[in-house]
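Here is the file run.cif (mmCIF, C-alpha atoms).
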```cif
data_my_file
loop_
_atom_site.label_atom_id
_atom_site.label_comp_id
_atom_site.auth_asym_id
_atom_site.auth_seq_id
_atom_site.Cartn_x
_atom_site.Cartn_y
_atom_site.Cartn_z
CA MET F 25 96.93 186.05 142.83
CA SER F 26 94.30 186.32 145.54
CA GLU F 27 92.19 188.67 143.42
CA THR F 28 91.46 185.91 140.86
CA ILE F 29 89.60 183.50 143.13
CA GLN F 30 87.39 182.25 140.31
CA SER F 31 90.18 181.95 137.72
CA PRO F 32 90.36 178.48 136.13
CA LEU F 33 94.14 178.91 135.76
CA ALA F 34 96.01 176.17 137.62
CA HIS F 35 99.08 177.39 139.50
CA HIS F 36 101.51 175.26 137.46
CA PHE F 37 100.61 177.00 134.19
CA GLU F 38 101.98 180.34 133.11
CA SER F 39 98.86 181.45 131.29
CA LEU F 40 95.39 180.26 130.38
CA GLU F 41 96.49 179.95 126.78
CA LYS F 42 99.25 177.49 127.70
CA GLN F 43 96.88 175.59 129.96
CA ALA F 44 94.35 175.27 127.14
CA HIS F 45 97.07 174.16 124.73
CA ALA F 46 98.30 171.46 127.16
CA ALA F 47 94.76 170.24 127.83
CA ARG F 48 93.99 169.99 124.12
CA LEU F 49 97.23 168.16 123.36
CA GLY F 50 96.56 165.72 126.20
CA MET F 51 93.06 165.06 124.89
CA TRP F 52 94.33 164.41 121.37
CA LEU F 53 96.93 161.98 122.75
CA PHE F 54 94.16 160.16 124.60
CA LEU F 55 91.98 160.09 121.47
CA ALA F 56 94.92 158.65 119.51
CA THR F 57 95.09 155.73 121.97
CA GLU F 58 91.33 155.26 121.59
CA VAL F 59 91.73 155.08 117.82
CA LEU F 60 94.42 152.41 118.22
CA LEU F 61 92.24 150.45 120.65
CA PHE F 62 89.48 150.21 118.05
CA ALA F 63 92.00 149.67 115.24
CA ALA F 64 93.02 146.37 116.87
CA LEU F 65 89.39 145.18 116.73
CA PHE F 66 89.01 146.35 113.13
CA ALA F 67 92.22 144.49 112.23
CA GLY F 68 90.74 141.31 113.75
CA TYR F 69 87.57 141.93 111.78
CA SER F 70 89.59 142.35 108.55
CA VAL F 71 91.40 139.05 109.05
CA TYR F 72 88.30 136.98 109.71
CA ARG F 73 86.29 138.76 107.07
CA TYR F 74 89.02 137.81 104.60
CA LEU F 75 89.06 134.19 105.77
CA TYR F 76 85.26 133.73 106.02
CA THR F 77 84.06 136.27 103.46
CA GLU F 78 80.83 134.52 102.49
CA THR F 79 79.68 133.87 106.06
CA PHE F 80 80.51 137.45 107.06
CA VAL F 81 78.54 138.88 104.14
CA ALA F 82 75.59 136.58 104.92
CA ALA F 83 75.72 137.46 108.64
CA SER F 84 75.81 141.16 107.78
CA ARG F 85 72.76 140.79 105.52
CA ASP F 86 70.98 139.10 108.46
CA LEU F 87 71.26 142.25 110.58
CA HIS F 88 68.59 144.95 110.50
CA THR F 89 70.27 147.46 108.17
CA TRP F 90 67.64 150.09 108.99
CA VAL F 91 68.64 150.01 112.68
CA GLY F 92 72.26 150.70 111.73
CA LEU F 93 71.17 153.44 109.34
CA VAL F 94 68.91 155.15 111.89
CA ASN F 95 71.61 154.90 114.55
CA THR F 96 74.15 156.46 112.16
CA ILE F 97 71.82 159.41 111.52
CA VAL F 98 71.11 159.73 115.26
CA LEU F 99 74.83 159.82 116.17
CA ILE F 100 75.75 162.24 113.37
CA THR F 101 72.97 164.59 114.48
CA SER F 102 74.08 164.31 118.13
CA SER F 103 77.60 165.26 117.03
CA PHE F 104 76.12 168.32 115.34
CA THR F 105 74.22 169.39 118.50
CA VAL F 106 77.41 168.94 120.58
CA ALA F 107 79.37 171.13 118.13
CA TRP F 108 76.57 173.69 118.29
CA GLY F 109 76.75 173.60 122.10
CA LEU F 110 80.46 174.42 121.94
CA ASP F 111 79.62 177.35 119.66
CA HIS F 112 77.40 178.78 122.40
CA ALA F 113 80.02 178.11 125.09
CA ALA F 114 82.52 180.11 123.01
CA ARG F 115 80.15 183.07 123.26
CA GLY F 116 79.58 182.63 126.98
CA ARG F 117 76.06 181.17 126.69
CA GLY F 118 76.46 178.25 129.07
CA ASP F 119 72.69 177.82 129.45
CA ARG F 120 72.34 177.02 125.74
CA THR F 121 75.33 174.68 125.94
CA ARG F 122 73.50 172.77 128.68
CA LEU F 123 70.34 172.60 126.56
CA LEU F 124 72.18 171.33 123.45
CA PHE F 125 74.24 168.81 125.43
CA GLY F 126 70.94 167.63 126.94
CA VAL F 127 69.52 167.13 123.44
CA SER F 128 72.69 165.19 122.49
CA ILE F 129 72.20 162.91 125.52
CA LEU F 130 68.62 162.25 124.37
CA PHE F 131 69.96 161.24 120.94
CA ALA F 132 72.45 158.95 122.68
CA LEU F 133 69.57 157.34 124.61
CA VAL F 134 67.73 156.73 121.31
CA PHE F 135 70.92 155.10 119.98
CA LEU F 136 71.18 152.83 123.03
CA ALA F 137 67.48 151.92 122.83
CA PHE F 138 67.93 150.70 119.24
CA LYS F 139 71.06 148.82 120.27
CA TYR F 140 69.12 147.17 123.11
CA TYR F 141 66.39 146.14 120.66
CA GLU F 142 69.02 144.61 118.37
CA TYR F 143 70.87 142.79 121.14
CA SER F 144 67.63 141.30 122.52
CA GLU F 145 66.76 140.03 119.03
CA HIS F 146 70.21 138.41 118.74
CA PHE F 147 69.89 136.79 122.15
CA HIS F 148 66.48 135.44 121.17
CA GLU F 149 67.83 133.99 117.90
CA GLY F 150 70.91 132.44 119.52
CA GLN F 151 73.24 134.79 117.64
CA LEU F 152 75.77 134.77 120.45
CA PRO F 153 79.56 134.91 120.43
CA GLY F 154 81.87 131.91 120.27
CA ARG F 155 80.65 128.63 121.73
CA PHE F 156 77.31 130.11 122.81
CA PHE F 157 76.31 130.49 119.16
CA THR F 158 73.23 128.37 118.39
CA TYR F 159 71.80 130.19 115.36
CA GLU F 160 71.19 127.93 112.36
CA GLY F 161 70.83 130.53 109.62
CA LEU F 162 74.51 130.82 108.70
CA GLY F 163 75.34 127.19 107.99
CA PRO F 164 78.13 125.17 109.60
CA GLY F 165 81.69 126.36 110.15
CA PRO F 166 83.28 128.80 112.58
CA GLY F 167 82.45 131.92 110.49
CA GLY F 168 79.13 132.67 112.25
CA PRO F 169 80.37 132.47 115.86
CA ILE F 170 83.48 134.48 114.92
CA PHE F 171 81.38 137.19 113.24
CA TYR F 172 79.22 137.52 116.35
CA SER F 173 82.27 137.54 118.67
CA LEU F 174 83.65 140.50 116.73
CA TYR F 175 80.21 142.08 116.47
CA TYR F 176 79.77 142.09 120.26
CA LEU F 177 83.35 143.21 120.91
CA ILE F 178 83.15 146.14 118.49
CA THR F 179 79.59 147.33 119.14
CA GLY F 180 79.90 146.55 122.87
CA LEU F 181 83.09 148.57 123.30
CA HIS F 182 81.51 151.35 121.25
CA GLY F 183 78.39 151.18 123.43
CA ILE F 184 80.52 151.57 126.57
CA HIS F 185 82.03 154.65 124.95
CA VAL F 186 78.55 156.02 124.28
CA VAL F 187 77.66 155.63 127.98
CA ILE F 188 80.93 157.30 129.09
CA GLY F 189 80.39 160.09 126.55
CA MET F 190 76.84 160.69 127.86
CA THR F 191 78.21 160.94 131.41
CA VAL F 192 80.89 163.42 130.34
CA LEU F 193 78.35 165.52 128.40
CA ALA F 194 75.99 165.48 131.39
CA VAL F 195 78.64 166.65 133.88
CA VAL F 196 80.15 169.31 131.60
CA GLY F 197 76.74 170.45 130.33
CA TRP F 198 75.50 170.82 133.91
CA LYS F 199 78.55 172.87 134.90
CA ALA F 200 78.16 175.03 131.77
CA GLY F 201 74.55 175.70 132.76
CA ARG F 202 75.73 176.78 136.21
CA GLY F 203 77.99 179.36 134.55
CA ARG F 204 81.28 177.64 135.36
CA TYR F 205 82.80 178.43 131.95
CA THR F 206 83.27 181.71 130.17
CA ALA F 207 83.81 182.85 126.61
CA GLU F 208 87.50 183.20 127.55
CA TYR F 209 87.91 179.74 129.05
CA HIS F 210 85.65 176.83 128.12
CA VAL F 211 88.23 174.12 127.36
CA PRO F 212 86.31 171.41 129.29
CA VAL F 213 83.32 171.94 126.95
CA GLU F 214 85.63 171.61 123.98
CA LEU F 215 87.25 168.39 125.29
CA ALA F 216 83.90 166.80 126.16
CA GLY F 217 82.82 167.57 122.60
CA LEU F 218 86.00 165.99 121.20
CA TYR F 219 85.25 162.75 123.05
CA TRP F 220 81.71 162.66 121.72
CA HIS F 221 82.87 163.31 118.15
CA LEU F 222 85.29 160.38 118.46
CA VAL F 223 82.40 158.11 119.46
CA ASP F 224 80.61 159.31 116.30
CA LEU F 225 83.78 158.89 114.21
CA ILE F 226 84.17 155.25 115.24
CA TRP F 227 80.52 154.47 114.49
CA ILE F 228 80.99 155.94 111.00
CA PHE F 229 83.38 153.02 110.35
CA VAL F 230 81.38 150.42 112.30
CA PHE F 231 78.24 151.03 110.21
CA PRO F 232 79.57 150.03 106.75
CA LEU F 233 81.78 147.22 108.11
CA ILE F 234 79.16 145.50 110.27
CA TYR F 235 75.87 146.36 108.55
CA LEU F 236 76.73 146.89 104.88
CA ALA F 237 79.34 144.14 104.32
CA MET M 14 97.49 190.64 133.30
CA ALA M 15 99.15 190.58 129.91
CA GLU M 16 98.36 186.89 129.46
CA ARG M 17 94.66 187.44 129.98
CA GLY M 18 94.84 190.13 127.33
CA ALA M 19 96.47 187.68 124.92
CA VAL M 20 93.82 185.03 125.60
CA ALA M 21 91.05 187.55 125.24
CA HIS M 22 92.54 188.56 121.92
CA ALA M 23 92.78 184.95 120.71
CA GLU M 24 89.19 184.29 121.79
CA HIS M 25 88.08 187.55 120.27
CA GLU M 26 88.57 186.02 116.84
CA LYS M 27 86.35 183.08 117.75
CA MET M 28 83.63 185.21 119.27
CA HIS M 29 83.07 187.17 116.14
CA HIS M 30 82.46 184.38 113.71
CA SER M 31 80.22 181.59 114.84
CA HIS M 32 80.90 178.18 113.33
CA PHE M 33 77.20 177.41 113.11
CA GLY M 34 76.95 177.71 109.32
CA ARG M 35 79.94 175.42 108.90
CA TYR M 36 78.40 172.84 111.24
CA VAL M 37 75.16 172.84 109.25
CA ASN M 38 77.06 172.26 106.00
CA VAL M 39 79.00 169.39 107.55
CA LEU M 40 75.81 167.84 108.95
CA VAL M 41 74.12 167.97 105.53
CA ALA M 42 77.22 166.48 103.85
CA LEU M 43 77.34 163.67 106.44
CA LEU M 44 73.65 162.83 105.94
CA VAL M 45 74.05 162.82 102.14
CA LEU M 46 77.11 160.54 102.40
CA THR M 47 75.23 158.22 104.79
CA ALA M 48 72.44 157.91 102.21
CA ALA M 49 75.07 157.34 99.49
CA THR M 50 76.79 154.51 101.37
CA TYR M 51 73.41 152.87 102.08
CA LEU M 52 72.36 153.05 98.42
CA ALA M 53 75.78 151.81 97.24
CA ALA M 54 75.40 148.79 99.53
CA ARG M 55 71.90 148.14 98.18
CA ALA M 56 73.29 148.13 94.63
CA HIS M 57 75.50 145.08 95.48
CA LEU M 58 78.59 146.20 93.56
CA PRO M 59 80.70 143.34 92.21
CA GLY M 60 83.85 141.93 93.81
CA GLY M 61 85.84 144.11 96.14
CA TRP M 62 84.18 147.30 94.90
CA ALA M 63 81.47 147.24 97.57
CA VAL M 64 84.05 147.33 100.40
CA ALA M 65 86.21 149.89 98.58
CA VAL M 66 83.29 152.28 98.01
CA ALA M 67 81.96 151.82 101.57
CA LEU M 68 85.40 152.51 103.09
CA ALA M 69 86.04 155.51 100.80
CA ILE M 70 82.74 157.07 101.89
CA ALA M 71 83.45 156.24 105.57
CA CYS M 72 86.90 157.89 105.30
CA THR M 73 85.36 161.01 103.75
CA LYS M 74 82.77 161.20 106.54
CA GLY M 75 85.46 160.59 109.16
CA ALA M 76 87.60 163.36 107.68
CA LEU M 77 84.66 165.80 107.80
CA VAL M 78 84.01 164.98 111.48
CA ALA M 79 87.70 165.23 112.45
CA LEU M 80 88.40 168.42 110.48
CA PHE M 81 85.29 170.48 111.24
CA PHE M 82 83.38 169.05 114.22
CA MET M 83 86.65 168.29 116.03
CA HIS M 84 88.28 171.49 114.70
CA LEU M 85 91.42 169.77 113.45
CA TRP M 86 91.17 172.23 110.55
CA ASP M 87 92.10 175.14 112.83
CA GLN M 88 94.20 173.34 115.44
CA GLU M 89 97.85 173.83 116.31
CA GLY M 90 100.34 171.61 114.45
CA ALA M 91 101.04 169.38 117.47
CA ASN M 92 97.44 168.17 117.76
CA ARG M 93 97.22 167.43 114.05
CA LEU M 94 100.49 165.52 114.24
CA VAL M 95 99.29 163.37 117.15
CA PHE M 96 96.09 162.37 115.36
CA LEU M 97 97.76 161.79 111.99
CA THR M 98 100.40 159.61 113.68
CA SER M 99 97.68 157.41 115.15
CA LEU M 100 96.17 157.06 111.66
CA VAL M 101 99.56 156.00 110.27
CA PHE M 102 99.71 153.21 112.84
CA VAL M 103 96.15 152.17 112.05
CA ALA M 104 97.15 151.88 108.38
CA LEU M 105 100.27 149.87 109.31
CA LEU M 106 98.37 147.48 111.57
CA ILE M 107 95.42 146.81 109.28
CA GLY M 108 97.34 147.11 106.00
CA PHE M 109 100.07 144.63 106.87
CA THR M 110 97.67 142.22 108.56
CA VAL M 111 95.47 142.08 105.48
CA MET M 112 98.49 141.80 103.14
CA ASP M 113 99.76 138.89 105.24
CA ASN M 114 96.47 137.05 104.90
CA ALA M 115 96.12 137.86 101.21
CA THR M 116 99.55 136.47 100.31
CA ARG M 117 99.43 133.22 102.26
CA PHE M 118 99.51 129.95 100.36
CA PRO M 119 98.81 126.41 101.55
CA LEU M 120 102.02 124.69 102.56
CA ALA M 121 103.49 122.57 99.76
CA ASN M 122 103.92 119.52 101.93
CA PRO M 123 103.30 115.95 100.62
CA PRO M 124 99.69 114.80 100.89
CA GLY M 125 98.83 113.21 104.20
CA SER M 126 101.52 114.99 106.14
CA ALA M 127 100.87 117.68 108.72
CA GLY M 128 100.15 121.05 107.14
CA ALA M 129 99.34 119.61 103.71
CA LEU M 130 96.16 120.09 101.74
CA PRO M 131 94.05 116.95 101.27
CA ALA M 132 94.91 115.85 97.74
CA SER M 133 92.17 114.62 95.45
CA GLY M 134 91.88 110.85 95.31
CA PHE M 135 94.16 110.44 98.29
CA ALA M 136 92.86 109.15 101.62
CA PRO M 137 94.96 110.53 104.45
CA PRO M 138 96.13 107.92 106.93
CA ALA M 139 93.91 107.63 109.97
CA GLU M 140 95.06 108.03 113.57
CA GLY M 141 98.71 107.22 114.05
CA GLY M 142 99.67 108.12 110.48
CA GLU M 143 103.22 109.13 109.72
CA ARG M 144 104.04 112.73 110.50
CA LEU M 145 106.68 113.87 108.07
CA MET M 146 106.81 117.34 109.54
CA ARG M 147 107.85 117.95 113.06
#
```
Go through the file and emit its structure as structure tokens.
Amino acid sequence: MSETIQSPLAHHFESLEKQAHAARLGMWLFLATEVLLFAALFAGYSVYRYLYTETFVAASRDLHTWVGLVNTIVLITSSFTVAWGLDHAARGRGDRTRLLFGVSILFALVFLAFKYYEYSEHFHEGQLPGRFFTYEGLGPGPGGPIFYSLYYLITGLHGIHVVIGMTVLAVVGWKAGRGRYTAEYHVPVELAGLYWHLVDLIWIFVFPLIYLA
Amino acid sequence: MAERGAVAHAEHEKMHHSHFGRYVNVLVALLVLTAATYLAARAHLPGGWAVAVALAIACTKGALVALFFMHLWDQEGANRLVFLTSLVFVALLIGFTVMDNATRFPLANPPGSAGALPASGFAPPAEGGERLMR
């Protein structure tokens, strides 16, 4: 095997095909656990939205819908550029993959900038989770603080995923630009893309639940 | 290097048709559906319809992302099974939790006791009142 110094095939796999299959299956298993992680938060949201429907609807109307809308468009477009980057990796054009992953990271930065703007507005207004809640616009009762607890848990966890996704795209995009992947084997590009699409997928559900309630 | 030949053959298929056109179609569909969900929310549909429409559109968008951006459409069976299984558990968790909340009723305990609703025209005993329920 000494003639294939540059081969990405690990010694415990019989063939590249099997290695790619195992890597993909492992990634899907991981993504399934991610879905369940967010599902727990969405279940909590469902319960409290059911119990405090009016406050939740009022709190949702209080948010800047346009920020949520713009961020949805930004994330969907970034998902498209990541998919496009994979398309180039599949044809051995790692330099274009790097470029498109770079563009996706810029979109992610726009997303985070809007999120920062929103969070700073909330902090200013006293729209904080739990007992730190001092905002007066939602009337008495525990509905407001509970809405903002769930809001920060869901958007915060999603934001952490955006940052991790950007890091993954940066590392894999950089390696693709250095020619580390080929048309025959570019599974890391594919898996990095899968992670980013999941981040987009979760936001697709966050947007209507949080902003359009 | 028979295995390399097999991989090259499998990848050969991919190399010849780019998915770019498909990605553009999905992007346009996602943008249209985003506009649709925004306009539906602006219309303030009555009752539970607003949530139902918003979730139906979100599920359609999610399906487009999973099937075409994430290539579940042309994946092996095992990967599809893993993801679908996670969705089944999401449905179980959220479905049963919501059904539980939707079918609860206030306990039919006598007024003034623990767990009872305050009855109209009845002043519950102050501190130290009888607790009929343990």
Which chain F residues are at most 9 Å from chain M (counting all atoms listed in the file), as a PDB file with C-alpha atoms, in the coordinates of the input?
```pdb
ATOM      1  CA  GLU F  38     101.980 180.340 133.110  1.00  0.00           C
ATOM      2  CA  SER F  39      98.860 181.450 131.290  1.00  0.00           C
ATOM      3  CA  LEU F  40      95.390 180.260 130.380  1.00  0.00           C
ATOM      4  CA  GLU F  41      96.490 179.950 126.780  1.00  0.00           C
ATOM      5  CA  HIS F  45      97.070 174.160 124.730  1.00  0.00           C
ATOM      6  CA  ARG F  48      93.990 169.990 124.120  1.00  0.00           C
ATOM      7  CA  LEU F  49      97.230 168.160 123.360  1.00  0.00           C
ATOM      8  CA  GLY F  50      96.560 165.720 126.200  1.00  0.00           C
ATOM      9  CA  MET F  51      93.060 165.060 124.890  1.00  0.00           C
ATOM     10  CA  TRP F  52      94.330 164.410 121.370  1.00  0.00           C
ATOM     11  CA  LEU F  53      96.930 161.980 122.750  1.00  0.00           C
ATOM     12  CA  LEU F  55      91.980 160.090 121.470  1.00  0.00           C
ATOM     13  CA  ALA F  56      94.920 158.650 119.510  1.00  0.00           C
ATOM     14  CA  THR F  57      95.090 155.730 121.970  1.00  0.00           C
ATOM     15  CA  VAL F  59      91.730 155.080 117.820  1.00  0.00           C
ATOM     16  CA  LEU F  60      94.420 152.410 118.220  1.00  0.00           C
ATOM     17  CA  ALA F  63      92.000 149.670 115.240  1.00  0.00           C
ATOM     18  CA  ALA F  64      93.020 146.370 116.870  1.00  0.00           C
ATOM     19  CA  PHE F  66      89.010 146.350 113.130  1.00  0.00           C
ATOM     20  CA  ALA F  67      92.220 144.490 112.230  1.00  0.00           C
ATOM     21  CA  GLY F  68      90.740 141.310 113.750  1.00  0.00           C
ATOM     22  CA  SER F  70      89.590 142.350 108.550  1.00  0.00           C
ATOM     23  CA  VAL F  71      91.400 139.050 109.050  1.00  0.00           C
ATOM     24  CA  TYR F  74      89.020 137.810 104.600  1.00  0.00           C
ATOM     25  CA  LEU F  75      89.060 134.190 105.770  1.00  0.00           C
ATOM     26  CA  THR F  89      70.270 147.460 108.170  1.00  0.00           C
ATOM     27  CA  LEU F  93      71.170 153.440 109.340  1.00  0.00           C
ATOM     28  CA  THR F  96      74.150 156.460 112.160  1.00  0.00           C
ATOM     29  CA  ILE F  97      71.820 159.410 111.520  1.00  0.00           C
ATOM     30  CA  ILE F 100      75.750 162.240 113.370  1.00  0.00           C
ATOM     31  CA  THR F 101      72.970 164.590 114.480  1.00  0.00           C
ATOM     32  CA  SER F 103      77.600 165.260 117.030  1.00  0.00           C
ATOM     33  CA  PHE F 104      76.120 168.320 115.340  1.00  0.00           C
ATOM     34  CA  VAL F 106      77.410 168.940 120.580  1.00  0.00           C
ATOM     35  CA  ALA F 107      79.370 171.130 118.130  1.00  0.00           C
ATOM     36  CA  TRP F 108      76.570 173.690 118.290  1.00  0.00           C
ATOM     37  CA  ASP F 111      79.620 177.350 119.660  1.00  0.00           C
ATOM     38  CA  HIS F 112      77.400 178.780 122.400  1.00  0.00           C
ATOM     39  CA  ALA F 114      82.520 180.110 123.010  1.00  0.00           C
ATOM     40  CA  ARG F 115      80.150 183.070 123.260  1.00  0.00           C
ATOM     41  CA  ALA F 207      83.810 182.850 126.610  1.00  0.00           C
ATOM     42  CA  GLU F 208      87.500 183.200 127.550  1.00  0.00           C
ATOM     43  CA  TYR F 209      87.910 179.740 129.050  1.00  0.00           C
ATOM     44  CA  GLU F 214      85.630 171.610 123.980  1.00  0.00           C
ATOM     45  CA  GLY F 217      82.820 167.570 122.600  1.00  0.00           C
ATOM     46  CA  LEU F 218      86.000 165.990 121.200  1.00  0.00           C
ATOM     47  CA  HIS F 221      82.870 163.310 118.150  1.00  0.00           C
ATOM     48  CA  LEU F 222      85.290 160.380 118.460  1.00  0.00           C
ATOM     49  CA  ASP F 224      80.610 159.310 116.300  1.00  0.00           C
ATOM     50  CA  LEU F 225      83.780 158.890 114.210  1.00  0.00           C
ATOM     51  CA  ILE F 226      84.170 155.250 115.240  1.00  0.00           C
ATOM     52  CA  ILE F 228      80.990 155.940 111.000  1.00  0.00           C
ATOM     53  CA  PHE F 229      83.380 153.020 110.350  1.00  0.00           C
ATOM     54  CA  PHE F 231      78.240 151.030 110.210  1.00  0.00           C
ATOM     55  CA  PRO F 232      79.570 150.030 106.750  1.00  0.00           C
ATOM     56  CA  LEU F 233      81.780 147.220 108.110  1.00  0.00           C
ATOM     57  CA  LEU F 236      76.730 146.890 104.880  1.00  0.00           C
ATOM     58  CA  ALA F 237      79.340 144.140 104.320  1.00  0.00           C
TER      59      ALA F 237
END
```
Excluding Pro166 (chain F) and its own-chain neighbours fewer than 2 positions away, which residues fall within 12 Å of it when counting all atoms listed in the file? Please give them as a PyMOL selection string. chain F and resi 72-73+75-80+153-159+162-164+168-173
To one decimal place in Å, what is the distance between CA of Gly161 (chain F) and CA of His148 (chain F)?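 Rounded to one decimal, the two atoms are 13.3 Å apart.
Between CA of Phe62 (chain F) and CA of Leu181 (chain F) lies a distance of 8.4 Å.
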Please report the interatomic distance between CA of Tyr141 (chain F) and CA of Ile129 (chain F) in Å with one decimal. 18.4 Å
The PyMOL selection byres ((chain F and resi 91) around 12) - which residues does that actually catch in the file I just gave you? List them as a ChimeraX atom specification. /F:86-90,92-98,134-143,145,231,234-236 /M:51
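With the shown file loaded, the PyMOL selection byres ((chain F and resi 118) around 7) picks out His112, Ala113, Gly116, Arg117, Asp119, Arg120, Thr121, Arg122, Ala200, Gly201, Gly203 and Tyr205 of chain F.
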Matched chain/residue IDs from the PyMOL selection byres ((chain F and resi 189) around 9), as a short mmCIF file (atom, residue, chain, number, x, y, z; two decimals) with C-alpha atoms, keeping the file's coordinate frame:
```cif
data_model
loop_
_atom_site.label_atom_id
_atom_site.label_comp_id
_atom_site.auth_asym_id
_atom_site.auth_seq_id
_atom_site.Cartn_x
_atom_site.Cartn_y
_atom_site.Cartn_z
CA ILE F 129 72.20 162.91 125.52
CA ALA F 132 72.45 158.95 122.68
CA ILE F 184 80.52 151.57 126.57
CA HIS F 185 82.03 154.65 124.95
CA VAL F 186 78.55 156.02 124.28
CA VAL F 187 77.66 155.63 127.98
CA ILE F 188 80.93 157.30 129.09
CA MET F 190 76.84 160.69 127.86
CA THR F 191 78.21 160.94 131.41
CA VAL F 192 80.89 163.42 130.34
CA LEU F 193 78.35 165.52 128.40
CA ALA F 194 75.99 165.48 131.39
CA ALA F 216 83.90 166.80 126.16
CA GLY F 217 82.82 167.57 122.60
CA TYR F 219 85.25 162.75 123.05
CA TRP F 220 81.71 162.66 121.72
CA VAL F 223 82.40 158.11 119.46
#
```
Completed region 68-87 of chain F (N, CA and C atoms) as a PDB file, keeping the file's coordinate frame:
```
ATOM      1  N   GLY F  68      91.272 142.666 113.557  1.00  0.00           N
ATOM      2  CA  GLY F  68      90.740 141.310 113.750  1.00  0.00           C
ATOM      3  C   GLY F  68      89.572 141.057 112.819  1.00  0.00           C
ATOM      4  N   TYR F  69      88.705 142.050 112.689  1.00  0.00           N
ATOM      5  CA  TYR F  69      87.570 141.930 111.780  1.00  0.00           C
ATOM      6  C   TYR F  69      88.060 141.710 110.348  1.00  0.00           C
ATOM      7  N   SER F  70      89.075 142.479 109.922  1.00  0.00           N
ATOM      8  CA  SER F  70      89.590 142.350 108.550  1.00  0.00           C
ATOM      9  C   SER F  70      90.084 140.941 108.277  1.00  0.00           C
ATOM     10  N   VAL F  71      90.842 140.387 109.241  1.00  0.00           N
ATOM     11  CA  VAL F  71      91.400 139.050 109.050  1.00  0.00           C
ATOM     12  C   VAL F  71      90.287 138.020 108.847  1.00  0.00           C
ATOM     13  N   TYR F  72      89.318 138.028 109.772  1.00  0.00           N
ATOM     14  CA  TYR F  72      88.300 136.980 109.710  1.00  0.00           C
ATOM     15  C   TYR F  72      87.306 137.216 108.589  1.00  0.00           C
ATOM     16  N   ARG F  73      87.136 138.490 108.226  1.00  0.00           N
ATOM     17  CA  ARG F  73      86.290 138.760 107.070  1.00  0.00           C
ATOM     18  C   ARG F  73      86.953 138.229 105.803  1.00  0.00           C
ATOM     19  N   TYR F  74      88.278 138.341 105.755  1.00  0.00           N
ATOM     20  CA  TYR F  74      89.020 137.810 104.600  1.00  0.00           C
ATOM     21  C   TYR F  74      88.915 136.298 104.555  1.00  0.00           C
ATOM     22  N   LEU F  75      89.037 135.647 105.728  1.00  0.00           N
ATOM     23  CA  LEU F  75      89.060 134.190 105.770  1.00  0.00           C
ATOM     24  C   LEU F  75      87.674 133.566 105.615  1.00  0.00           C
ATOM     25  N   TYR F  76      86.630 134.255 106.076  1.00  0.00           N
ATOM     26  CA  TYR F  76      85.260 133.730 106.020  1.00  0.00           C
ATOM     27  C   TYR F  76      84.346 134.729 105.327  1.00  0.00           C
ATOM     28  N   THR F  77      84.773 135.176 104.123  1.00  0.00           N
ATOM     29  CA  THR F  77      84.060 136.270 103.460  1.00  0.00           C
ATOM     30  C   THR F  77      82.570 135.981 103.311  1.00  0.00           C
ATOM     31  N   GLU F  78      82.234 134.781 102.801  1.00  0.00           N
ATOM     32  CA  GLU F  78      80.830 134.520 102.490  1.00  0.00           C
ATOM     33  C   GLU F  78      79.964 134.529 103.734  1.00  0.00           C
ATOM     34  N   THR F  79      80.459 133.890 104.818  1.00  0.00           N
ATOM     35  CA  THR F  79      79.680 133.870 106.060  1.00  0.00           C
ATOM     36  C   THR F  79      79.515 135.286 106.603  1.00  0.00           C
ATOM     37  N   PHE F  80      80.588 136.089 106.529  1.00  0.00           N
ATOM     38  CA  PHE F  80      80.510 137.450 107.060  1.00  0.00           C
ATOM     39  C   PHE F  80      79.489 138.282 106.289  1.00  0.00           C
ATOM     40  N   VAL F  81      79.495 138.123 104.946  1.00  0.00           N
ATOM     41  CA  VAL F  81      78.540 138.880 104.140  1.00  0.00           C
ATOM     42  C   VAL F  81      77.118 138.432 104.472  1.00  0.00           C
ATOM     43  N   ALA F  82      76.924 137.089 104.604  1.00  0.00           N
ATOM     44  CA  ALA F  82      75.590 136.580 104.920  1.00  0.00           C
ATOM     45  C   ALA F  82      75.139 137.054 106.303  1.00  0.00           C
ATOM     46  N   ALA F  83      76.061 137.028 107.283  1.00  0.00           N
ATOM     47  CA  ALA F  83      75.720 137.460 108.640  1.00  0.00           C
ATOM     48  C   ALA F  83      75.356 138.937 108.657  1.00  0.00           C
ATOM     49  N   SER F  84      76.081 139.724 107.850  1.00  0.00           N
ATOM     50  CA  SER F  84      75.810 141.160 107.780  1.00  0.00           C
ATOM     51  C   SER F  84      74.434 141.420 107.169  1.00  0.00           C
ATOM     52  N   ARG F  85      74.078 140.620 106.149  1.00  0.00           N
ATOM     53  CA  ARG F  85      72.760 140.790 105.520  1.00  0.00           C
ATOM     54  C   ARG F  85      71.643 140.427 106.484  1.00  0.00           C
ATOM     55  N   ASP F  86      71.949 139.523 107.455  1.00  0.00           N
ATOM     56  CA  ASP F  86      70.980 139.100 108.460  1.00  0.00           C
ATOM     57  C   ASP F  86      70.602 140.218 109.419  1.00  0.00           C
ATOM     58  N   LEU F  87      71.515 141.171 109.613  1.00  0.00           N
ATOM     59  CA  LEU F  87      71.260 142.250 110.580  1.00  0.00           C
ATOM     60  C   LEU F  87      70.211 143.200 110.026  1.00  0.00           C
TER      61      LEU F  87
END
```
